[in-house]
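What follows is one structure encoded as structure tokens, with my remarks underneath.
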There are 2 protein chains.
Amino acid sequence: MRGSLGEIGEEAVINLIADKLISKPEAGESLKHPDDARDLLPRGPRLIYSMDAYRIKSLMLPWRTWSDIGWTALTGALSDVVVKGGVPSVAMIGLGLSSETDILDLEELVKGLREASNYYDVRITGGDTNESLDPWIAVSVIGFTTCKRPPSRRGARPGDVVIATGSYGSMGFIALHGVMEASGISWVVDNTKRVYLKLEVANVIMSTYRFIHASMDVSDGLGYTLEQLSELSGYGILLENLPVHPAGLREYCRNNIECMWRHVLVGGEEYGAVLIVAGENLDKVAEELDYYEIPYSIMGRVGNISPGIYINGARITVERWDQFRGWGKRFPMGDTR
Amino acid sequence: MRGSLGEIGEEAVINLIADKLISKPEAGESLKHPDDARDLLPRGPRLIYSMDAYRIKSLMLPWRTWSDIGWTALTGALSDVVVKGGVPSVAMIGLGLSSETDILDLEELVKGLREASNYYDVRITGGDTNESLDPWIAVSVIGFTTCKRPPSRRGARPGDVVIATGSYGSMGFIALHGVMEASGISWVVDNTKRVYLKLEVANVIMSTYRFIHASMDVSDGLGYTLEQLSELSGYGILLENLPVHPAGLREYCRNNIECMWRHVLVGGEEYGAVLIVAGENLDKVAEELDYYEIPYSIMGRVGNISPGIYINGARITVERWDQFRGWGKRFPMGDTR
């Protein structure tokens, strides 16, 4: 189809989305499109659910297509559920689109959402579409867990070990050097076009939640995640080892450790999980991570020290993107140099 | 607090929303703000869930405050779940707000959401906030039902009876005459500032779902809802009686029936329910509606006739607001005059 959404009108827009994106009812379910609500039988003793939303503009990197945006939006929303030990089951999508939006762009967006839906085996079952001069996407997710007590962000205690899954440094490169410079660096482009979330992290948490004192995903930068866990728990985090990172970062930094730390702690959308694990049970969690072939790094430990992130004994500060004010500082880790 | 969201920044915005809006965990739950995901124990054998989204501008009538917008957004989202027999349990709120937005407006929006949350006894448990030049709100709802087979939109059969709850004509007045003229009519203003959804409709459906062949709420106009039910079921709907309407409409129309039909069939956001009931079991459904003190009208019946809405044997057409194109016709029922 060619033209803008304004030309084809709401009904055609909804039909396009419904035909290509909305899953049919499964056994035991009654409702389907065009019903606004859907029914679902519980697939676990406890629901884990969330809503995540994005300004489309903020997801748009020069090398991302609209389909990459769709992929990224669903991936990010699932990440919130997975890191609490939930296996995502269904998602609904709210869209705000301009009447000037090209139908081909909408088709790409839907394609990316569909690809992610297939890859993660999460059904997209409905949503809502509105006009907006500043396009946006909202994703709600329902999952299920067997955890009797899903890990929160506030249970880290001295002696705990800090584990991070996911790969870091590519989005950090963009945050530090800008999109222009990043667009010439192939490992940055490759690692940020689409991120592949490890759903199996939910399985790891389900089988070891008694030993996981806190958890949080990385959507706004690894440093921010670590700071949140530290502040909410009331103890400092002592970092000793870098997280998993692209070989390209090591080359770029010429093995300079400070340069590497600087890149891995800022960024966002890496969708790894930081797990704070009881020290004496580290082996059990590591074993599960190995079983599911999830790459991870044992980054450090929780100390009996005031909240904050420490590298080599020095407290560092990490800035985070502010939705309403932008970046707080141009060089987030400037005070450690 | 005074100033704009850009001045206070994202963290203060989120804290403002979290403090005033986000409910604490209940017994058996672990997760709470600032965790992005929440946990919930099933409160019924089957989930009913949905997502609804709005451009704030499209909800803004001159006599509505930001708190009325919040009220309306939650009411509309709950309506989708209720009309499928679901008792809403929790909701999450996605917000897109401009950095120019006044903090006082955000506080009002939160107040309206909170009032609706209290009134409907539905907890708001989380959400997400983003910047947007064109503010929007998305609401996801999870409810539970005992219905083994929640009614869809497609089960109407000849001989069924058409029941409508809710009151109609006020939004229709606005659609037909415009906001300027409507602002001088007190019954229009009073009925459209805030709509009060009858949650008990879910109880009626749970106890009589075997006799309810189809259902749909009224968010885009009663005529549109009736047409959807008719088209999806493959049979026409023969209207005989007006729905419940304000006394002011009867006065305005000077008892002219055609004028009244014209007003009640267009509009939107009335959040009544249209129930298509097996004729031989009408009494059982009526008894439940009476028990819960839900006002309703028996509007007509389903005929063995081609899909469409018929009044006095003549097929009528009703236009609906198109998100991307606006109104199809200025006078939706012009062809019946």
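Convention: chains lettered A, B, ... in structure tokens order; per-chain residue numbering from 1; ligands numbered from 1 as shown.
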Can you tell me, as number ranges by chain, which residues in segment 152-297 of chain A count as helix (DSSP H, G or I) by DSSP?
A: 170-182, 186-193, 201-211, 222-233, 247-253, 257-265, 279-291
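Residues in contact with Gly6 of chain B at 8 Å, where only C-alpha atoms are counted and same-chain residues fewer than 6 positions away are skipped, are listed as Phe324 and Arg325 of chain A; Ser99, Glu100 and Thr101 of chain B.
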Suppose we keep N, CA, C and O atoms; can you now write the selection as a compact mmCIF listing (two decimals), in the first residue's frame?
# COMPACT_ATOMS: atom_id res chain seq x y z
N PHE A 324 12.91 14.92 30.55
CA PHE A 324 12.44 16.30 30.43
C PHE A 324 13.57 17.33 30.39
O PHE A 324 13.35 18.48 30.15
N ARG A 325 14.80 16.89 30.67
CA ARG A 325 15.91 17.85 30.70
C ARG A 325 17.12 17.46 29.87
O ARG A 325 18.03 18.26 29.71
N SER B 99 7.63 18.93 28.08
CA SER B 99 8.45 19.52 29.14
C SER B 99 7.92 20.91 29.50
O SER B 99 8.26 21.47 30.54
N GLU B 100 7.04 21.46 28.68
CA GLU B 100 6.40 22.75 28.99
C GLU B 100 5.19 22.57 29.89
O GLU B 100 4.64 23.55 30.40
N THR B 101 4.73 21.34 30.03
CA THR B 101 3.52 21.10 30.84
C THR B 101 3.71 21.67 32.23
O THR B 101 4.76 21.49 32.86
Contacts of chain A with chain B up to 7 Å, shortest pair per row, only C-alpha atoms, as CSV:
residue,atom,partner,partner_atom,distance
A:Leu5,CA,B:Phe324,CA,6.5
A:Gly6,CA,B:Phe324,CA,4.8
A:Gly9,CA,B:Phe324,CA,5.4
A:Glu10,CA,B:Asp322,CA,5.6
A:Ser30,CA,B:Arg149,CA,6.0
A:Leu31,CA,B:Ser152,CA,5.8
A:Asp35,CA,B:Arg153,CA,6.6
A:Asp36,CA,B:Asp80,CA,6.1
A:Ala37,CA,B:Ser50,CA,4.5
A:Arg38,CA,B:Ile48,CA,5.6
A:Asp39,CA,B:Ile48,CA,4.5
A:Leu40,CA,B:Leu47,CA,5.0
A:Leu41,CA,B:Arg46,CA,4.9
A:Pro42,CA,B:Arg46,CA,6.6
A:Pro45,CA,B:Leu41,CA,6.9
A:Arg46,CA,B:Leu41,CA,4.9
A:Leu47,CA,B:Leu40,CA,5.0
A:Ile48,CA,B:Asp39,CA,4.5
A:Tyr49,CA,B:Ala37,CA,5.4
A:Ser50,CA,B:Ala37,CA,4.5
A:Met51,CA,B:Gly127,CA,5.3
A:Asp52,CA,B:Asp128,CA,5.6
A:Ala53,CA,B:Asp128,CA,5.9
A:Tyr54,CA,B:Asn130,CA,6.4
A:Arg55,CA,B:Asn130,CA,6.6
A:Asp80,CA,B:Ala37,CA,5.8
A:Val81,CA,B:Ala37,CA,5.8
A:Met92,CA,B:Met51,CA,6.4
A:Gly94,CA,B:Ala53,CA,6.3
A:Ser99,CA,B:Phe324,CA,5.3
A:Gly127,CA,B:Met51,CA,5.3
A:Asp128,CA,B:Asp52,CA,5.6
A:Asn130,CA,B:Gln323,CA,6.0
A:Glu131,CA,B:Gln323,CA,5.7
A:Ser132,CA,B:Asp134,CA,6.1
A:Leu133,CA,B:Asp134,CA,5.8
A:Asp134,CA,B:Asp134,CA,5.8
A:Ala138,CA,B:Gly94,CA,6.9
A:Ser140,CA,B:Ser140,CA,6.6
A:Arg149,CA,B:Ser30,CA,6.0
A:Pro150,CA,B:Ser30,CA,6.5
A:Ser152,CA,B:Leu31,CA,5.8
A:Arg153,CA,B:Asp35,CA,6.6
A:Asp322,CA,B:Glu10,CA,5.5
A:Gln323,CA,B:Glu10,CA,5.7
A:Phe324,CA,B:Gly6,CA,4.8
A:Arg325,CA,B:Gly6,CA,5.6
Those residues with C-alpha atoms, as a short mmCIF file (atom, residue, chain, number, x, y, z; two decimals), in the first residue's frame please?
data_model
loop_
_atom_site.label_atom_id
_atom_site.label_comp_id
_atom_site.auth_asym_id
_atom_site.auth_seq_id
_atom_site.Cartn_x
_atom_site.Cartn_y
_atom_site.Cartn_z
CA LEU A 5 -2.18 7.14 7.28
CA GLY A 6 -4.41 10.18 6.79
CA GLY A 9 -7.98 6.35 7.35
CA GLU A 10 -8.29 4.74 10.75
CA SER A 30 -12.86 -16.71 23.47
CA LEU A 31 -12.05 -13.14 22.57
CA ASP A 35 -12.75 -7.01 20.70
CA ASP A 36 -10.75 -4.44 22.68
CA ALA A 37 -10.21 -6.78 25.61
CA ARG A 38 -8.84 -10.31 25.47
CA ASP A 39 -9.14 -13.26 27.81
CA LEU A 40 -6.29 -15.42 29.06
CA LEU A 41 -5.98 -18.43 31.34
CA PRO A 42 -3.28 -18.10 34.02
CA PRO A 45 0.67 -19.14 40.07
CA ARG A 46 1.63 -15.45 39.96
CA LEU A 47 1.39 -12.71 37.31
CA ILE A 48 4.27 -10.37 36.54
CA TYR A 49 3.10 -7.40 34.45
CA SER A 50 4.37 -4.02 33.32
CA MET A 51 3.95 -1.16 30.90
CA ASP A 52 6.75 0.51 28.99
CA ALA A 53 6.45 3.47 26.65
CA TYR A 54 8.70 5.29 24.21
CA ARG A 55 8.81 8.41 22.14
CA ASP A 80 11.04 -5.51 32.76
CA VAL A 81 9.07 -8.72 33.24
CA MET A 92 -0.62 -5.19 23.88
CA GLY A 94 -0.60 1.37 22.02
CA SER A 99 -1.58 11.24 9.89
CA GLY A 127 -3.86 -2.46 21.60
CA ASP A 128 -5.04 0.93 20.50
CA ASN A 130 -4.30 7.24 18.06
CA GLU A 131 -3.17 10.26 16.13
CA SER A 132 -0.11 12.07 17.46
CA LEU A 133 2.09 14.81 16.07
CA ASP A 134 4.96 13.25 18.06
CA ALA A 138 3.38 1.94 24.57
CA SER A 140 1.98 -3.62 28.15
CA ARG A 149 8.87 -13.85 46.01
CA PRO A 150 10.12 -12.16 42.84
CA SER A 152 12.86 -6.44 44.02
CA ARG A 153 15.48 -3.70 43.63
CA ASP A 322 16.43 12.83 31.75
CA GLN A 323 13.22 12.67 29.71
CA PHE A 324 12.44 16.30 30.43
CA ARG A 325 15.91 17.85 30.70
#
So the first atom is atom CA of Ile316 of chain A and the second is atom CA of Glu258 of chain A; what is the distance between them in Å, to one decimal place?
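Computing the Euclidean distance for atom CA of Ile316 of chain A and atom CA of Glu258 of chain A yields 11.7 Å.
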To test your reading of the structure, identify every residue in segment 97-286 of chain B that backbone DSSP assigns to strand (DSSP E), and report it as number ranges by chain.
B: 97, 123-131, 136-145, 161-165, 212-217, 236-239, 273-277
Using only C-alpha atoms, which of B:Gly172, B:Asp105, B:Arg210, B:Asp19 sits nearest Cys259 of chain B?
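When distances to Cys259 of chain B are compared using only C-alpha atoms, the smallest one comes from B:Gly172.
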Contacts of Gly155 of chain A at 9 Å or less, counting only C-alpha atoms, minus same-chain residues fewer than 5 places along, as JSON, numbers by chain?
{"A": [212, 213, 214, 215, 229, 232, 233, 234, 276]}
Can I get the selection written as a short mmCIF file (atom, residue, chain, number, x, y, z; two decimals), in the first residue's frame, with C-alpha atoms?
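Produced file result_34.cif, reproduced below:
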data_model
loop_
_atom_site.label_atom_id
_atom_site.label_comp_id
_atom_site.auth_asym_id
_atom_site.auth_seq_id
_atom_site.Cartn_x
_atom_site.Cartn_y
_atom_site.Cartn_z
CA ILE A 212 18.74 -13.57 44.41
CA HIS A 213 18.46 -10.67 46.82
CA ALA A 214 17.76 -8.01 44.18
CA SER A 215 17.52 -7.63 40.41
CA LEU A 229 20.19 -1.14 43.33
CA LEU A 232 17.48 1.38 47.30
CA SER A 233 19.31 -1.33 49.24
CA GLY A 234 21.35 1.08 51.35
CA ILE A 276 22.55 -9.45 43.27
#
Which distance in Å separates atom CA of Ile205 of chain B and atom CA of Thr146 of chain B, to one decimal?
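Separating atom CA of Ile205 of chain B from atom CA of Thr146 of chain B is a distance of 9.5 Å.
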List as a PDB file with C-alpha atoms, in the first residue's frame the protein and nucleic acid residues near Tyr224 of chain A, meaning an atom at most 10 Å away when only C-alpha atoms are counted, but skip any in the same chain fewer than 2 places from it.
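The new file part_26.pdb reads:
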ATOM      1  CA  VAL A 218      19.495  -2.325  32.191  1.00  0.00           C
ATOM      2  CA  SER A 219      17.395   0.053  30.148  1.00  0.00           C
ATOM      3  CA  ASP A 220      18.938   3.416  31.122  1.00  0.00           C
ATOM      4  CA  GLY A 221      22.591   2.447  31.436  1.00  0.00           C
ATOM      5  CA  LEU A 222      24.452  -0.094  33.551  1.00  0.00           C
ATOM      6  CA  LEU A 226      23.864  -0.324  39.707  1.00  0.00           C
ATOM      7  CA  GLU A 227      23.248   3.007  41.457  1.00  0.00           C
ATOM      8  CA  GLN A 228      19.540   2.289  41.808  1.00  0.00           C
ATOM      9  CA  LEU A 229      20.191  -1.136  43.325  1.00  0.00           C
ATOM     10  CA  SER A 230      22.773   0.359  45.657  1.00  0.00           C
ATOM     11  CA  LEU A 265      28.549   2.265  32.532  1.00  0.00           C
ATOM     12  CA  VAL A 266      26.612   4.737  30.381  1.00  0.00           C
ATOM     13  CA  GLY A 267      24.258   4.025  27.500  1.00  0.00           C
ATOM     14  CA  GLY A 268      20.949   2.206  27.749  1.00  0.00           C
ATOM     15  CA  ILE A 309      29.327   2.708  42.956  1.00  0.00           C
ATOM     16  CA  THR A 317      28.954   9.159  39.547  1.00  0.00           C
ATOM     17  CA  VAL A 318      27.038   8.200  36.451  1.00  0.00           C
ATOM     18  CA  GLU A 319      24.552  10.448  34.728  1.00  0.00           C
ATOM     19  CA  ARG A 320      21.343   9.274  33.180  1.00  0.00           C
ATOM     20  CA  TRP A 321      19.269  10.662  30.378  1.00  0.00           C
TER      21      TRP A 321
END
Quick one: residues within 12 Å of Cys253 of chain B, only C-alpha atoms, excluding same-chain residues fewer than 4 positions away - as a list of chain:residue names?
B:Gly169, B:Phe173, B:His245, B:Pro246, B:Ala247, B:Gly248, B:Leu249, B:Ile257, B:Glu258, B:Cys259, B:Met260, B:Trp261, B:Arg262, B:His263, B:Val264
Expected file: the selected residues, N, CA, C and O atoms, as an mmCIF file, in the first residue's frame:
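As a result, part.cif now contains:
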data_model
loop_
_atom_site.group_PDB
_atom_site.id
_atom_site.type_symbol
_atom_site.label_atom_id
_atom_site.label_comp_id
_atom_site.auth_asym_id
_atom_site.auth_seq_id
_atom_site.Cartn_x
_atom_site.Cartn_y
_atom_site.Cartn_z
ATOM 1 N N GLY B 169 -26.878 10.990 24.363
ATOM 2 C CA GLY B 169 -27.414 12.224 23.800
ATOM 3 C C GLY B 169 -26.549 13.444 24.082
ATOM 4 O O GLY B 169 -26.536 14.390 23.286
ATOM 5 N N PHE B 173 -24.902 15.575 21.248
ATOM 6 C CA PHE B 173 -25.163 17.007 21.057
ATOM 7 C C PHE B 173 -23.887 17.729 20.645
ATOM 8 O O PHE B 173 -23.883 18.563 19.730
ATOM 9 N N HIS B 245 -31.735 8.523 28.308
ATOM 10 C CA HIS B 245 -31.170 9.795 27.858
ATOM 11 C C HIS B 245 -31.526 10.883 28.868
ATOM 12 O O HIS B 245 -32.470 10.732 29.645
ATOM 13 N N PRO B 246 -30.812 12.008 28.845
ATOM 14 C CA PRO B 246 -31.108 13.085 29.800
ATOM 15 C C PRO B 246 -32.458 13.733 29.472
ATOM 16 O O PRO B 246 -32.834 13.836 28.294
ATOM 17 N N ALA B 247 -33.156 14.177 30.519
ATOM 18 C CA ALA B 247 -34.431 14.889 30.316
ATOM 19 C C ALA B 247 -34.213 16.103 29.410
ATOM 20 O O ALA B 247 -35.079 16.464 28.608
ATOM 21 N N GLY B 248 -33.023 16.690 29.522
ATOM 22 C CA GLY B 248 -32.716 17.874 28.715
ATOM 23 C C GLY B 248 -32.795 17.609 27.216
ATOM 24 O O GLY B 248 -33.160 18.498 26.441
ATOM 25 N N LEU B 249 -32.464 16.410 26.805
ATOM 26 C CA LEU B 249 -32.503 16.084 25.371
ATOM 27 C C LEU B 249 -33.951 16.092 24.875
ATOM 28 O O LEU B 249 -34.253 16.641 23.807
ATOM 29 N N ILE B 257 -39.124 12.583 17.984
ATOM 30 C CA ILE B 257 -38.408 11.309 18.106
ATOM 31 C C ILE B 257 -37.207 11.251 17.171
ATOM 32 O O ILE B 257 -36.140 10.760 17.532
ATOM 33 N N GLU B 258 -37.378 11.757 15.958
ATOM 34 C CA GLU B 258 -36.277 11.715 14.999
ATOM 35 C C GLU B 258 -35.089 12.522 15.515
ATOM 36 O O GLU B 258 -33.933 12.089 15.415
ATOM 37 N N CYS B 259 -35.372 13.671 16.080
ATOM 38 C CA CYS B 259 -34.311 14.520 16.665
ATOM 39 C C CYS B 259 -33.594 13.761 17.783
ATOM 40 O O CYS B 259 -32.370 13.786 17.893
ATOM 41 N N MET B 260 -34.368 13.044 18.587
ATOM 42 C CA MET B 260 -33.758 12.329 19.700
ATOM 43 C C MET B 260 -32.880 11.166 19.207
ATOM 44 O O MET B 260 -31.759 10.980 19.670
ATOM 45 N N TRP B 261 -33.374 10.417 18.248
ATOM 46 C CA TRP B 261 -32.552 9.344 17.673
ATOM 47 C C TRP B 261 -31.239 9.908 17.126
ATOM 48 O O TRP B 261 -30.179 9.327 17.288
ATOM 49 N N ARG B 262 -31.366 11.063 16.465
ATOM 50 C CA ARG B 262 -30.178 11.656 15.848
ATOM 51 C C ARG B 262 -29.102 11.930 16.902
ATOM 52 O O ARG B 262 -27.927 11.705 16.671
ATOM 53 N N HIS B 263 -29.533 12.391 18.056
ATOM 54 C CA HIS B 263 -28.563 12.737 19.104
ATOM 55 C C HIS B 263 -28.012 11.535 19.862
ATOM 56 O O HIS B 263 -26.855 11.536 20.262
ATOM 57 N N VAL B 264 -28.846 10.531 20.087
ATOM 58 C CA VAL B 264 -28.370 9.419 20.936
ATOM 59 C C VAL B 264 -27.426 8.468 20.209
ATOM 60 O O VAL B 264 -26.638 7.774 20.854
#
Grab the atom CA of Leu61 of chain B to atom CA of Ala73 of chain B distance for me, in Å with one decimal place.
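For atom CA of Leu61 of chain B relative to atom CA of Ala73 of chain B, the distance reads 13.3 Å.
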Between A:Arg157, A:Arg123, A:Lys111, A:Arg2, single out the one closest to Glu231 of chain A, counting only C-alpha atoms.
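Smallest separation from Glu231 of chain A among the options: A:Arg157.
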